[in-house]
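So the structure is just underneath, and the comments pick up after that.
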Number of protein chains: 2
Amino acid sequence: MPQPQPVLIAGEWRPSRAAGTFEPTNPRTRQATGETYPVSGPEEVTEAVEAAAAASEALQESYPAGAAAFLEAFAGRIEARSGEIVAMAEAETGLPAAPRLAEIELPRTTGQLRQAAASARARSWSLPTIDTGSGIRSMYRALEGGVAVFGPNNFPLAFNSVSGGDFAAAVGAGCPVIAKANSSHPGTTRLLAEEARAAVGEAGLPEATVQLIYRTDHEVGKSLVSHAKIGATGYTGSRSAGLALKAAADAAGKPIYLELSSINPVYVLPGAIRERGAEIAEEFQTSCLMGTGQFCTNPGIVVLLAGDEAEGFIARSAAGFDKAPVGTLLAAGVESGMEASVRTLQAAGAELVTGGTTGGGTGYSYSNTLLRTTAERFLDDPEALQTEAFGNESLFVVAGDVDEAAEVARRLEGNLTGCIYSDTGGSDDDAYERIAPALRRRVGRLLNDKMPTGVAVVPSMNHGGPYPATGHPGFTAVGIPASMLRFAMLCCYDEVRPHRLPVELRDENPGGVWRLIDGDWTQADA
Amino acid sequence: MPQPQPVLIAGEWRPSRAAGTFEPTNPRTRQATGETYPVSGPEEVTEAVEAAAAASEALQESYPAGAAAFLEAFAGRIEARSGEIVAMAEAETGLPAAPRLAEIELPRTTGQLRQAAASARARSWSLPTIDTGSGIRSMYRALEGGVAVFGPNNFPLAFNSVSGGDFAAAVGAGCPVIAKANSSHPGTTRLLAEEARAAVGEAGLPEATVQLIYRTDHEVGKSLVSHAKIGATGYTGSRSAGLALKAAADAAGKPIYLELSSINPVYVLPGAIRERGAEIAEEFQTSCLMGTGQFCTNPGIVVLLAGDEAEGFIARSAAGFDKAPVGTLLAAGVESGMEASVRTLQAAGAELVTGGTTGGGTGYSYSNTLLRTTAERFLDDPEALQTEAFGNESLFVVAGDVDEAAEVARRLEGNLTGCIYSDTGGSDDDAYERIAPALRRRVGRLLNDKMPTGVAVVPSMNHGGPYPATGHPGFTAVGIPASMLRFAMLCCYDEVRPHRLPVELRDENPGGVWRLIDGDWTQADA
């Protein structure tokens, strides 16, 4: 067996005292990529947590200049090595090098890192609050300890544990990161971590600002998120693994931010279908099949009102799904997960409209699949009929009337997004008014006339939502600076002498930081 | 046995289908107050949760005008019935009617309710965020479902589950409340709930906006906080009961905000003692003994640097504690808790300086107590030596040098507050610089030259801190509007048609709501 790749602990690339090894697979060929990676045991994890905790205190001293310089240097280094990184990501995930990886995901990744740098420098993310009469001032500051980041399989760059949204938010807030690679793209993660390590050196940050392990067993993973010296955890991935980590973190009183699962309901009202059904069907197909449907915001359930419009929309979508090429799935487990989920949906009463078979594309794949059921059946067994099929699949739910359609919204689990398509003439307005209030409360982001895929990195974005889409409905994983607040604590200063205050809270405000002073936001001095 | 008092469910005062009863006690006389209260079973709790969930949707329709009108009407009604409420609170808690209850706590209570009303009306608490280029807008809005509030024993008005800080924050954010009375003052809670119920009617809110039960067993309490239709929970009380509720809420993915325990470390540096030791000792004594020490921010541990200054400070404090009158404790359990905690501290090596005996005051009481230990011993068994003695007690920790004093700070559990007294001439500055960074990260509020008791209700207040002082270091239980964010979810609107947006997110902003538009805070239109 070849020597496994080294881990990055306390600034050093070193051989893992591996508790085991694993070999990633190229999903297009189903063959091993030829590299071997270690499974880390408990000592290695403890060492990383201790090193991060020590770095955490030191990192405050150069904040924000040091963290910002690192983020920018790292972004530049990713660009300089983009060819190699994209090639590795393509080999490990089967996602196309272009446009997806090189032209969309990589620029998004470096953009997020630079946004986090800019937010750190601007300092306004910390929401400094001053009440001049009371002598009390407060702001958000980095949590104590490192942040453990578990990245998902579906974004090897933009949500990678060592370069993605959680990473950028944690470092931007001033926290070291302990990255746990996703097992489906360890090589991509290694290349990114090499650049991160080099950027840490260039920026003069504590060496343990960025650390990397590749995999742990469940118990060791739990020991990481619940360690007395960890600050918090960001996790994006499967619900079962995420909930096991959540239980461990919760019991230790450690914040854990989760993005677990979402089927992203889309309501298409009959007036909208009459007005522009073909266009909407095409938007739906594009949204559901791009990236072979492997997006957190994939439209996994489409609610229609019974009638000719619904039947026409279903038939048109089925024809489109049949004709569309079948994409490659990220891993064997995604392929078998599709099969299991489709069978679960069928067992709960959903009928196959098209697809429903393993294979049909290059490597790991599953036919483009549509199922249908009635709202009545959905309301009988909402849990089973909300089974997430992670991939190129969606379920139509046909409601007898608007009340039933609204009741479906009320019985939805928490989701990242919810969409309503309505006509522009007003014939759908009554239905909209009755469905939207219920749907809005079950989702983090409500859309009109637009599919849920595509998550803009803007301050107003909410990539979050009620449980079990996430672990807490008040936080977003995308959108800077809001996502940085997850890795911060509220720090209040009561009659602290002026020269001892952090610069954000002093009377003078030469940097023009936005501050809430006596109830008004201002960039002026206090 | 007399008929137990009715519960308030779905707008109706009705006999409880009681699973049991209990009788509150007057702590000054140790006699029953003569009233009997029910212990609610699971059906009653389920009914309350369902009624609150229904009210939650309706409450949105009149928000914020309805919620604000209610909060103001309720505040007025509390004032109109203040004599009776204060007398009941005095009988149930032993706290003096004046000045404490009538002149300090009651005005604070009505002030909080009115601040929450004003914040709801101003709408700025919801942090509306608009990015004009992207079509994406977001804000915080009330959680779906009711909020369960468990109030503590030590503030029968200002933290009462039906009138206190969590109540004001939840209703201010737009959530119905299911109040669980503290068993030590159910009569006070009943009177307040009567006024709340009447104010709900006056304001025309859904009848289930305020509901009240008095007590449950542990299992029923867990079923309340983990119910599928509950929105969140606010809990202030003992760590053991709080952690049991936390485990249940966490497992169900329900937010729970806890205020559990805090020993509020105070560092008094030698220069400060040389400069004004007598004054500081008096501040310490006042802070530690007022309300018989039964404050969440009671200074329970005082760190000193070994030397004549420390010995003088300890001797002076001991003399003061000996001379000071011994107050009444809130309940038999507080008295026995003091005894148990002092014994635990002694078993861990703390030596008694003064006090340490049950009794000495009127009714439930415990002698004014001081203990001491060394930092070396503290660092050997930090867990036992951080045992909270809830009452008129404090522990001196004498450190051999500044490094040891800073190490004590690093080993502290999360606390609500941390104080450092230093001299004005600068001789303590080096010690301050070495201790403060560590202490700041272990507390929610850092104070200079000031004792921790006294929690101003201002926007910059943080009455929170790292676990186990609370369940999450990013939230505060006191301070409006920040405390309202605990009971809200982040709601994002993506290309939602303009007339369907909530008023906070429309282009026009006639109310002058503070909004973050394209990165700048403004009260202008978008």
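Just so we're on the same page: first chain in the structure tokens is A, next is B, and so on; residues restart at 1 for each chain, and ligands are numbered from 1 in the order they show up.
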Give the residues of chain A that lie within 6 Å of chain B; count only C-alpha atoms, and format the answer as a compact mmCIF listing (two decimals) with all heavy atoms, in the first residue's frame.
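Output file out_22.txt follows:
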```txt
# COMPACT_ATOMS: atom_id res chain seq x y z
N THR A 129 -21.92 48.57 19.17
CA THR A 129 -23.09 49.24 19.74
C THR A 129 -22.64 50.03 20.96
O THR A 129 -22.01 49.49 21.86
CB THR A 129 -24.16 48.20 20.12
OG1 THR A 129 -24.50 47.45 18.95
CG2 THR A 129 -25.41 48.86 20.67
N ILE A 130 -22.96 51.30 20.96
CA ILE A 130 -22.49 52.21 22.02
C ILE A 130 -23.68 52.96 22.60
O ILE A 130 -24.48 53.53 21.86
CB ILE A 130 -21.45 53.21 21.44
CG1 ILE A 130 -20.21 52.45 20.95
CG2 ILE A 130 -21.09 54.28 22.47
CD1 ILE A 130 -19.17 53.34 20.27
N ARG A 137 -20.66 49.41 26.11
CA ARG A 137 -20.40 49.27 24.68
C ARG A 137 -20.24 47.79 24.38
O ARG A 137 -19.72 47.04 25.21
CB ARG A 137 -19.12 50.04 24.31
CG ARG A 137 -19.21 51.51 24.68
CD ARG A 137 -17.94 52.31 24.47
NE ARG A 137 -18.20 53.69 24.89
CZ ARG A 137 -17.75 54.78 24.29
NH1 ARG A 137 -16.96 54.67 23.23
NH2 ARG A 137 -18.06 55.98 24.72
N SER A 138 -20.68 47.36 23.20
CA SER A 138 -20.54 45.94 22.89
C SER A 138 -20.31 45.73 21.41
O SER A 138 -20.57 46.61 20.58
CB SER A 138 -21.78 45.16 23.35
OG SER A 138 -22.93 45.60 22.64
N GLY A 253 -22.22 21.95 24.97
CA GLY A 253 -22.47 23.39 24.95
C GLY A 253 -21.68 24.11 23.88
O GLY A 253 -21.40 25.30 24.01
N GLY A 444 -36.00 29.44 4.57
CA GLY A 444 -35.10 30.55 4.84
C GLY A 444 -35.17 31.64 3.77
O GLY A 444 -34.88 32.80 4.04
N ARG A 445 -35.52 31.24 2.54
CA ARG A 445 -35.55 32.20 1.43
C ARG A 445 -36.78 31.92 0.58
O ARG A 445 -36.98 30.80 0.12
CB ARG A 445 -34.27 32.07 0.59
CG ARG A 445 -34.20 32.98 -0.63
CD ARG A 445 -32.78 33.11 -1.21
NE ARG A 445 -32.18 31.83 -1.49
CZ ARG A 445 -31.88 31.37 -2.72
NH1 ARG A 445 -32.13 32.12 -3.78
NH2 ARG A 445 -31.34 30.19 -2.88
N LEU A 446 -37.60 32.93 0.43
CA LEU A 446 -38.82 32.83 -0.39
C LEU A 446 -38.54 33.48 -1.74
O LEU A 446 -38.08 34.63 -1.79
CB LEU A 446 -39.96 33.55 0.32
CG LEU A 446 -41.31 33.55 -0.40
CD1 LEU A 446 -41.95 32.15 -0.35
CD2 LEU A 446 -42.27 34.57 0.24
N LEU A 447 -38.83 32.76 -2.82
CA LEU A 447 -38.58 33.31 -4.16
C LEU A 447 -39.89 33.46 -4.92
O LEU A 447 -40.84 32.70 -4.70
CB LEU A 447 -37.67 32.40 -4.97
CG LEU A 447 -36.28 32.09 -4.39
CD1 LEU A 447 -36.29 30.77 -3.65
CD2 LEU A 447 -35.23 32.08 -5.48
N ASN A 448 -39.93 34.42 -5.80
CA ASN A 448 -41.04 34.59 -6.74
C ASN A 448 -40.53 34.36 -8.15
O ASN A 448 -39.54 35.00 -8.56
CB ASN A 448 -41.61 36.01 -6.67
CG ASN A 448 -42.63 36.21 -5.57
OD1 ASN A 448 -43.28 37.25 -5.50
ND2 ASN A 448 -42.78 35.23 -4.69
N SER A 460 -27.54 40.31 1.94
CA SER A 460 -28.93 39.99 2.28
C SER A 460 -29.28 38.53 2.04
O SER A 460 -30.41 38.11 2.32
CB SER A 460 -29.87 40.86 1.44
OG SER A 460 -29.62 40.66 0.06
N ASN A 462 -29.90 34.70 2.60
CA ASN A 462 -30.03 33.73 3.68
C ASN A 462 -29.94 32.34 3.08
O ASN A 462 -30.87 31.88 2.42
CB ASN A 462 -31.35 33.88 4.44
CG ASN A 462 -31.45 32.88 5.59
OD1 ASN A 462 -30.44 32.34 6.04
ND2 ASN A 462 -32.66 32.63 6.05
N TYR A 467 -35.02 24.22 11.11
CA TYR A 467 -34.64 22.81 11.28
C TYR A 467 -35.62 21.91 10.53
O TYR A 467 -36.80 22.20 10.58
CB TYR A 467 -34.66 22.49 12.77
CG TYR A 467 -34.26 21.10 13.15
CD1 TYR A 467 -32.92 20.79 13.36
CD2 TYR A 467 -35.22 20.11 13.34
CE1 TYR A 467 -32.54 19.51 13.73
CE2 TYR A 467 -34.85 18.83 13.70
CZ TYR A 467 -33.51 18.54 13.89
OH TYR A 467 -33.14 17.27 14.26
N PRO A 473 -32.57 28.70 12.93
CA PRO A 473 -33.13 29.51 11.85
C PRO A 473 -32.65 30.95 11.82
O PRO A 473 -33.09 31.73 10.98
CB PRO A 473 -34.64 29.46 12.14
CG PRO A 473 -34.73 29.34 13.62
CD PRO A 473 -33.53 28.52 14.04
N GLY A 474 -31.75 31.32 12.71
CA GLY A 474 -31.31 32.71 12.77
C GLY A 474 -29.99 32.97 12.07
O GLY A 474 -29.52 34.11 12.07
N MET A 489 -18.70 35.78 19.37
CA MET A 489 -19.41 35.91 20.63
C MET A 489 -19.68 37.40 20.86
O MET A 489 -18.95 38.25 20.36
CB MET A 489 -18.59 35.34 21.78
CG MET A 489 -17.22 35.97 21.98
SD MET A 489 -16.22 35.17 23.29
CE MET A 489 -17.01 35.85 24.78
N LEU A 490 -20.74 37.66 21.60
CA LEU A 490 -21.07 39.04 21.93
C LEU A 490 -20.22 39.45 23.12
O LEU A 490 -20.23 38.78 24.16
CB LEU A 490 -22.56 39.13 22.24
CG LEU A 490 -23.15 40.51 22.49
CD1 LEU A 490 -22.86 41.48 21.35
CD2 LEU A 490 -24.66 40.40 22.70
N CYS A 491 -19.45 40.55 22.97
CA CYS A 491 -18.54 41.01 24.01
C CYS A 491 -18.95 42.40 24.45
O CYS A 491 -18.98 43.32 23.63
CB CYS A 491 -17.11 41.08 23.48
SG CYS A 491 -16.43 39.47 23.12
N CYS A 492 -19.23 42.55 25.72
CA CYS A 492 -19.70 43.82 26.25
C CYS A 492 -18.64 44.41 27.17
O CYS A 492 -17.98 43.68 27.92
CB CYS A 492 -21.00 43.55 27.02
SG CYS A 492 -21.74 44.99 27.76
N TYR A 493 -18.48 45.71 27.09
CA TYR A 493 -17.49 46.43 27.90
C TYR A 493 -18.23 47.46 28.73
O TYR A 493 -18.91 48.33 28.20
CB TYR A 493 -16.46 47.13 26.99
CG TYR A 493 -15.68 46.15 26.14
CD1 TYR A 493 -16.24 45.61 24.97
CD2 TYR A 493 -14.42 45.72 26.50
CE1 TYR A 493 -15.55 44.69 24.20
CE2 TYR A 493 -13.70 44.81 25.74
CZ TYR A 493 -14.27 44.30 24.59
OH TYR A 493 -13.58 43.39 23.83
N ASP A 494 -18.10 47.33 30.04
CA ASP A 494 -18.89 48.15 30.96
C ASP A 494 -17.93 49.02 31.76
O ASP A 494 -17.17 48.51 32.60
CB ASP A 494 -19.69 47.20 31.86
CG ASP A 494 -20.73 47.91 32.71
OD1 ASP A 494 -20.63 49.14 32.89
OD2 ASP A 494 -21.65 47.21 33.20
N GLU A 495 -17.93 50.30 31.46
CA GLU A 495 -17.03 51.26 32.12
C GLU A 495 -15.56 50.89 31.92
O GLU A 495 -14.71 51.24 32.74
CB GLU A 495 -17.34 51.39 33.62
CG GLU A 495 -18.73 51.91 33.94
CD GLU A 495 -18.90 53.41 33.64
OE1 GLU A 495 -17.99 54.04 33.08
OE2 GLU A 495 -19.97 53.94 33.98
N VAL A 496 -15.28 50.16 30.85
CA VAL A 496 -13.87 49.85 30.55
C VAL A 496 -13.17 51.15 30.14
O VAL A 496 -13.73 51.94 29.37
CB VAL A 496 -13.78 48.76 29.47
CG1 VAL A 496 -12.35 48.62 28.93
CG2 VAL A 496 -14.27 47.42 30.06
```
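Those residues that approach B:Gly111 to within 12 Å, counting only C-alpha atoms, are Leu71, Glu72, Phe74, Ala75, Gly76, Ile78, Glu79, Ile104, Glu105, Ala117, Ala118, Leu157, Ala158, Ser163, Gly164, Gly165, Ala168, Ala456, Val457, Val458, Gly479 and Ile480 of chain B; same-chain residues fewer than 6 positions away are not listed.
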Inset, instruction - Please provide the set of residues having any atom within 10 Å of stretch 215-228 of chain A, restricted to only C-alpha atoms, with same-chain residues fewer than 3 positions apart removed, written as number ranges by chain. - result: A: 18-22, 37-46, 48-50, 53, 145, 147-150, 178-183, 186, 212, 231-234, 241, 244-256
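Proximity of A:Glu282, A:Pro27, A:Glu47, A:Val268 to A:Val334, computed with only C-alpha atoms, is greatest for A:Pro27.
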Legend entry - Coordinates-based distance that separates atom CA of A:Tyr235 from atom CA of A:Pro382 (Å, one decimal): 25.9 Å
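Rounded to one decimal, atom CA of B:Pro299 and atom CA of B:Ser394 lie 6.6 Å from each other.
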Inset, instruction - Name the residues of stretch 16-131 of chain B that come out as strand (DSSP E) in a backbone DSSP run; write them as a ChimeraX atom specification. - result: /B:20-22,25-26,31-32,37-39,129-131
Inset, instruction - Show which residues sit within 7 Å of A:Ala170, as a VMD selection string. Count only C-alpha atoms, and ignore same-chain residues fewer than 3 positions away. - result: chain A and resid 147 166 to 167 173 to 175 177 484 487
Take the residues from that selection and put them in a file with all heavy atoms, as a PDB file, in the first residue's frame.
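Written out: again_7.pdb:
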```
ATOM      1  N   VAL A 147     -12.323  26.694  14.807  1.00  0.00           N
ATOM      2  CA  VAL A 147     -13.597  26.271  14.232  1.00  0.00           C
ATOM      3  C   VAL A 147     -13.352  25.025  13.379  1.00  0.00           C
ATOM      4  O   VAL A 147     -12.497  25.044  12.484  1.00  0.00           O
ATOM      5  CB  VAL A 147     -14.206  27.394  13.374  1.00  0.00           C
ATOM      6  CG1 VAL A 147     -15.413  26.890  12.584  1.00  0.00           C
ATOM      7  CG2 VAL A 147     -14.617  28.573  14.257  1.00  0.00           C
ATOM      8  N   ASP A 166     -17.750  28.496   4.871  1.00  0.00           N
ATOM      9  CA  ASP A 166     -17.541  28.416   6.317  1.00  0.00           C
ATOM     10  C   ASP A 166     -16.112  28.797   6.681  1.00  0.00           C
ATOM     11  O   ASP A 166     -15.862  29.477   7.687  1.00  0.00           O
ATOM     12  CB  ASP A 166     -17.843  27.000   6.825  1.00  0.00           C
ATOM     13  CG  ASP A 166     -19.338  26.737   6.942  1.00  0.00           C
ATOM     14  OD1 ASP A 166     -20.142  27.669   6.729  1.00  0.00           O
ATOM     15  OD2 ASP A 166     -19.724  25.585   7.241  1.00  0.00           O
ATOM     16  N   PHE A 167     -15.167  28.352   5.854  1.00  0.00           N
ATOM     17  CA  PHE A 167     -13.760  28.689   6.086  1.00  0.00           C
ATOM     18  C   PHE A 167     -13.563  30.206   6.038  1.00  0.00           C
ATOM     19  O   PHE A 167     -12.971  30.807   6.937  1.00  0.00           O
ATOM     20  CB  PHE A 167     -12.883  28.005   5.029  1.00  0.00           C
ATOM     21  CG  PHE A 167     -11.424  28.341   5.128  1.00  0.00           C
ATOM     22  CD1 PHE A 167     -10.583  27.593   5.932  1.00  0.00           C
ATOM     23  CD2 PHE A 167     -10.887  29.414   4.434  1.00  0.00           C
ATOM     24  CE1 PHE A 167      -9.229  27.893   6.041  1.00  0.00           C
ATOM     25  CE2 PHE A 167      -9.535  29.735   4.541  1.00  0.00           C
ATOM     26  CZ  PHE A 167      -8.706  28.975   5.343  1.00  0.00           C
ATOM     27  N   ALA A 173     -13.812  36.161  10.669  1.00  0.00           N
ATOM     28  CA  ALA A 173     -14.206  36.594  12.012  1.00  0.00           C
ATOM     29  C   ALA A 173     -13.028  36.571  12.980  1.00  0.00           C
ATOM     30  O   ALA A 173     -13.115  37.135  14.062  1.00  0.00           O
ATOM     31  CB  ALA A 173     -15.333  35.698  12.535  1.00  0.00           C
ATOM     32  N   GLY A 174     -11.951  35.885  12.576  1.00  0.00           N
ATOM     33  CA  GLY A 174     -10.768  35.847  13.436  1.00  0.00           C
ATOM     34  C   GLY A 174     -10.508  34.507  14.097  1.00  0.00           C
ATOM     35  O   GLY A 174      -9.791  34.447  15.096  1.00  0.00           O
ATOM     36  N   CYS A 175     -11.070  33.443  13.550  1.00  0.00           N
ATOM     37  CA  CYS A 175     -10.897  32.108  14.139  1.00  0.00           C
ATOM     38  C   CYS A 175      -9.991  31.232  13.277  1.00  0.00           C
ATOM     39  O   CYS A 175     -10.131  31.209  12.062  1.00  0.00           O
ATOM     40  CB  CYS A 175     -12.247  31.392  14.250  1.00  0.00           C
ATOM     41  SG  CYS A 175     -13.438  32.200  15.312  1.00  0.00           S
ATOM     42  N   VAL A 177      -9.018  27.582  11.678  1.00  0.00           N
ATOM     43  CA  VAL A 177      -9.895  26.516  11.181  1.00  0.00           C
ATOM     44  C   VAL A 177      -9.197  25.158  11.238  1.00  0.00           C
ATOM     45  O   VAL A 177      -8.020  25.050  10.863  1.00  0.00           O
ATOM     46  CB  VAL A 177     -10.346  26.806   9.734  1.00  0.00           C
ATOM     47  CG1 VAL A 177     -10.961  25.566   9.079  1.00  0.00           C
ATOM     48  CG2 VAL A 177     -11.356  27.950   9.717  1.00  0.00           C
ATOM     49  N   MET A 484     -20.395  35.461   9.083  1.00  0.00           N
ATOM     50  CA  MET A 484     -19.283  35.547  10.032  1.00  0.00           C
ATOM     51  C   MET A 484     -19.771  35.572  11.482  1.00  0.00           C
ATOM     52  O   MET A 484     -19.058  35.149  12.392  1.00  0.00           O
ATOM     53  CB  MET A 484     -18.446  36.803   9.737  1.00  0.00           C
ATOM     54  CG  MET A 484     -17.717  36.720   8.398  1.00  0.00           C
ATOM     55  SD  MET A 484     -17.169  38.331   7.727  1.00  0.00           S
ATOM     56  CE  MET A 484     -15.966  38.851   8.949  1.00  0.00           C
ATOM     57  N   PHE A 487     -19.473  32.674  14.013  1.00  0.00           N
ATOM     58  CA  PHE A 487     -18.234  32.294  14.680  1.00  0.00           C
ATOM     59  C   PHE A 487     -17.755  33.378  15.635  1.00  0.00           C
ATOM     60  O   PHE A 487     -16.569  33.549  15.883  1.00  0.00           O
ATOM     61  CB  PHE A 487     -17.189  31.938  13.620  1.00  0.00           C
ATOM     62  CG  PHE A 487     -17.702  30.860  12.693  1.00  0.00           C
ATOM     63  CD1 PHE A 487     -17.904  31.094  11.344  1.00  0.00           C
ATOM     64  CD2 PHE A 487     -18.050  29.611  13.201  1.00  0.00           C
ATOM     65  CE1 PHE A 487     -18.413  30.102  10.507  1.00  0.00           C
ATOM     66  CE2 PHE A 487     -18.564  28.614  12.377  1.00  0.00           C
ATOM     67  CZ  PHE A 487     -18.751  28.852  11.028  1.00  0.00           C
TER      68      PHE A 487
END
```
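For the atom pair formed by atom CA of B:Tyr421 and atom CA of B:Asp322, the distance is 23.7 Å, given to one decimal.
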Inset, instruction - Give me the residues within 10 Å of A:Arg274 as number ranges by chain, counting only C-alpha atoms and dropping any in the same chain fewer than 3 places off. - result: A: 269-271, 277-278, 308-310, 312-313, 422-423
Take the selection from the previous step and output its residues with N, CA, C and O atoms, as a PDB file, in the first residue's frame.
```pdb
ATOM      1  N   LEU A 269     -48.333  27.925  -9.858  1.00  0.00           N
ATOM      2  CA  LEU A 269     -49.786  28.136  -9.846  1.00  0.00           C
ATOM      3  C   LEU A 269     -50.329  28.088 -11.275  1.00  0.00           C
ATOM      4  O   LEU A 269     -49.592  28.341 -12.245  1.00  0.00           O
ATOM      5  N   PRO A 270     -51.617  27.769 -11.422  1.00  0.00           N
ATOM      6  CA  PRO A 270     -52.153  27.483 -12.763  1.00  0.00           C
ATOM      7  C   PRO A 270     -52.092  28.669 -13.730  1.00  0.00           C
ATOM      8  O   PRO A 270     -51.832  28.468 -14.922  1.00  0.00           O
ATOM      9  N   GLY A 271     -52.292  29.881 -13.225  1.00  0.00           N
ATOM     10  CA  GLY A 271     -52.212  31.038 -14.118  1.00  0.00           C
ATOM     11  C   GLY A 271     -50.821  31.172 -14.719  1.00  0.00           C
ATOM     12  O   GLY A 271     -50.663  31.522 -15.896  1.00  0.00           O
ATOM     13  N   GLY A 277     -46.048  28.410 -19.312  1.00  0.00           N
ATOM     14  CA  GLY A 277     -45.737  27.059 -18.821  1.00  0.00           C
ATOM     15  C   GLY A 277     -44.471  26.480 -19.423  1.00  0.00           C
ATOM     16  O   GLY A 277     -43.677  25.831 -18.717  1.00  0.00           O
ATOM     17  N   ALA A 278     -44.277  26.691 -20.720  1.00  0.00           N
ATOM     18  CA  ALA A 278     -43.102  26.090 -21.372  1.00  0.00           C
ATOM     19  C   ALA A 278     -41.814  26.668 -20.791  1.00  0.00           C
ATOM     20  O   ALA A 278     -40.848  25.945 -20.513  1.00  0.00           O
ATOM     21  N   ASP A 308     -55.861  20.697 -15.924  1.00  0.00           N
ATOM     22  CA  ASP A 308     -55.151  20.546 -17.193  1.00  0.00           C
ATOM     23  C   ASP A 308     -53.757  21.180 -17.150  1.00  0.00           C
ATOM     24  O   ASP A 308     -52.802  20.671 -17.735  1.00  0.00           O
ATOM     25  N   GLU A 309     -53.684  22.334 -16.449  1.00  0.00           N
ATOM     26  CA  GLU A 309     -52.385  23.012 -16.381  1.00  0.00           C
ATOM     27  C   GLU A 309     -51.347  22.087 -15.741  1.00  0.00           C
ATOM     28  O   GLU A 309     -50.223  21.952 -16.236  1.00  0.00           O
ATOM     29  N   ALA A 310     -51.724  21.474 -14.623  1.00  0.00           N
ATOM     30  CA  ALA A 310     -50.791  20.589 -13.920  1.00  0.00           C
ATOM     31  C   ALA A 310     -50.387  19.420 -14.811  1.00  0.00           C
ATOM     32  O   ALA A 310     -49.205  19.086 -14.933  1.00  0.00           O
ATOM     33  N   GLY A 312     -50.437  19.182 -18.022  1.00  0.00           N
ATOM     34  CA  GLY A 312     -49.585  19.653 -19.113  1.00  0.00           C
ATOM     35  C   GLY A 312     -48.159  19.905 -18.642  1.00  0.00           C
ATOM     36  O   GLY A 312     -47.188  19.543 -19.320  1.00  0.00           O
ATOM     37  N   PHE A 313     -48.037  20.508 -17.453  1.00  0.00           N
ATOM     38  CA  PHE A 313     -46.706  20.828 -16.925  1.00  0.00           C
ATOM     39  C   PHE A 313     -45.915  19.543 -16.635  1.00  0.00           C
ATOM     40  O   PHE A 313     -44.714  19.444 -16.943  1.00  0.00           O
ATOM     41  N   SER A 422     -46.358  32.655 -10.074  1.00  0.00           N
ATOM     42  CA  SER A 422     -47.740  33.082 -10.285  1.00  0.00           C
ATOM     43  C   SER A 422     -47.798  33.891 -11.571  1.00  0.00           C
ATOM     44  O   SER A 422     -46.767  34.350 -12.072  1.00  0.00           O
ATOM     45  N   ASP A 423     -48.990  34.086 -12.090  1.00  0.00           N
ATOM     46  CA  ASP A 423     -49.091  34.831 -13.353  1.00  0.00           C
ATOM     47  C   ASP A 423     -48.961  36.327 -13.092  1.00  0.00           C
ATOM     48  O   ASP A 423     -49.052  36.791 -11.944  1.00  0.00           O
TER      49      ASP A 423
END
```
Inset, instruction - Enumerate, as a VMD selection string, the complete set of residues in stretch 282-511 of chain A that a backbone-based DSSP assignment places in helix (DSSP H, G or I). - result: chain A and resid 282 to 293 308 to 323 332 to 347 375 to 380 384 to 386 402 to 410 429 to 441 482 to 487 498 to 500 503 to 505
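Look at B:Ala281: the protein and nucleic acid residues within 9 Å of it, using only C-alpha atoms and passing over chain neighbours fewer than 3 places away, are Ile273, Arg276, Gly277, Ala278, Phe284, Gln285, Thr286, Phe313, Ile314, Arg316, Ser317 and Gly320 of chain B.
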